[in-house]
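Enquirer: Before I ask anything, here is the structure I am working with.
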Amino acid sequence: MTDRFAPAAKILQDFGKDSAKLIPILQKVQDAYGFLPEDIMRFIANELNISPARVFGVATFFAHFAITPKGKHIVRVCNGTACHVKGSAAIINTVKEKLKLKPGKDTTEDGLFTLECVSCLGACGLAPVMVMDETVHGQITPAKAVEIIDEVVKQEAAHAHK
């Protein structure tokens, strides 16, 4: 076993290799790797003596699991009813343009940002809503969304020069 599999092996050991605990196992593995790599999911399936399809099924069913690497900063834009009615589609399009996201991609080439369009952020009274990492921004406009992204880019550049 290579060092790459060591964190997953330790997590499986901590959970007693109990297939009934697949969801919390995947949560810990995602915390360790930042996402759920395909080879690691196959390793988990083998170690738990369950089919890879079951592991992949769980990983792709639940929205909080990621099977591709995520950016350092997560931008969530709500597209639920209240936000949609108040113009979230324009915000989503502006963020995609600002981040230069290619069709079918949600993470920037440099790995700095991931855009997630979500069904509800539970802040309907603040619609439209955008969350940058863990900070909620209400009554967002396309211009304000760009300002928030620019501020993060500026902070990243400042940290890179230290």
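Letters A, B, ... mark the chains of the structure tokens in the order given; residue numbers begin at 1 per chain; ligand numbers begin at 1, in order shown.
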Write out as a ChimeraX atom specification the residues lying within 12 Å of Ile74 of chain A, counting only C-alpha atoms and excluding same-chain residues fewer than 3 positions away.
Expert: /A:69-71,77,95,99,106-108,111-118,130-136,149,152
Enquirer: Apply DSSP to the backbone of this structure and, from segment 68-158 of chain A, keep only the residues in strand (DSSP E or B); write these as a list in words.
Expert: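 Filtering segment 68-158 of chain A down to strand (DSSP E or B) leaves His73, Ile74, Val75, Arg76, Val77, Cys78, Thr107, Phe113, Thr114, Leu115, Glu116, Cys117, Val118, Met130, Val131, Met132, Thr135, Val136 and His137 of chain A.
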Enquirer: Excluding segment 61-65 of chain A and any residue of its chain fewer than 3 positions from it, enumerate the residues within 12 Å of it, using only C-alpha atoms, and give them as a PyMOL selection string.
Expert: chain A and resi 23-31+33-37+41+53-58+68-70+116-119
Enquirer: Could you tell me which of A:Ala123, A:Val75, A:Pro103, A:Glu109 comes closest to Val146 of chain A if we count only C-alpha atoms?
Expert: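 Among the listed residues, the smallest separation from Val146 of chain A belongs to A:Val75.
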Enquirer: Check chain A with DSSP on the backbone and list each residue it calls helix (DSSP H, G or I), as an NGL selection string.
Expert: :A and (3-14 or 19-33 or 38-48 or 52-61 or 81-85 or 88-98 or 124-126 or 142-160)
Enquirer: Here is a test: counting only C-alpha atoms, which residue of A:Lys72, A:Ala32, A:Thr60, A:Lys105 is nearest to Val153 of chain A?
Expert: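 The closest residue to Val153 of chain A is A:Lys72.
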Enquirer: Any idea what the distance is between atom CA of Leu22 of chain A and atom CA of Ala66 of chain A?
Expert: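 It comes out at 15.0 Å.
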Enquirer: Measuring atom to atom with only C-alpha atoms, identify which of A:Leu101, A:Ala82, A:Ile44, A:Leu121 is nearest to Lys21 of chain A.
Expert: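 With only C-alpha atoms as the atom set, the closest residue is A:Ile44.
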Enquirer: If you measure from atom CA of Phe5 of chain A to atom CA of Arg42 of chain A, what distance in Å do you get, rounded to one decimal?
Expert: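 Calculated distance between atom CA of Phe5 of chain A and atom CA of Arg42 of chain A is 10.8 Å.
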Enquirer: Between A:Leu126, A:Thr141, A:Phe15, A:Glu47, which one has atoms that come closest to Ser88 of chain A, using only C-alpha atoms?
Expert: A:Thr141
Enquirer: Quick check, in Å to one decimal: how far apart do atom CA of Leu12 of chain A and atom CA of Asn49 of chain A lie?
Expert: 11.9 Å
Enquirer: Find the residues near Gly125 of chain A: any atom within 12 Å, counting only C-alpha atoms, skip ones fewer than 6 places away on the same chain, and give them as number ranges by chain.
Expert: A: 80-83, 86, 137-139
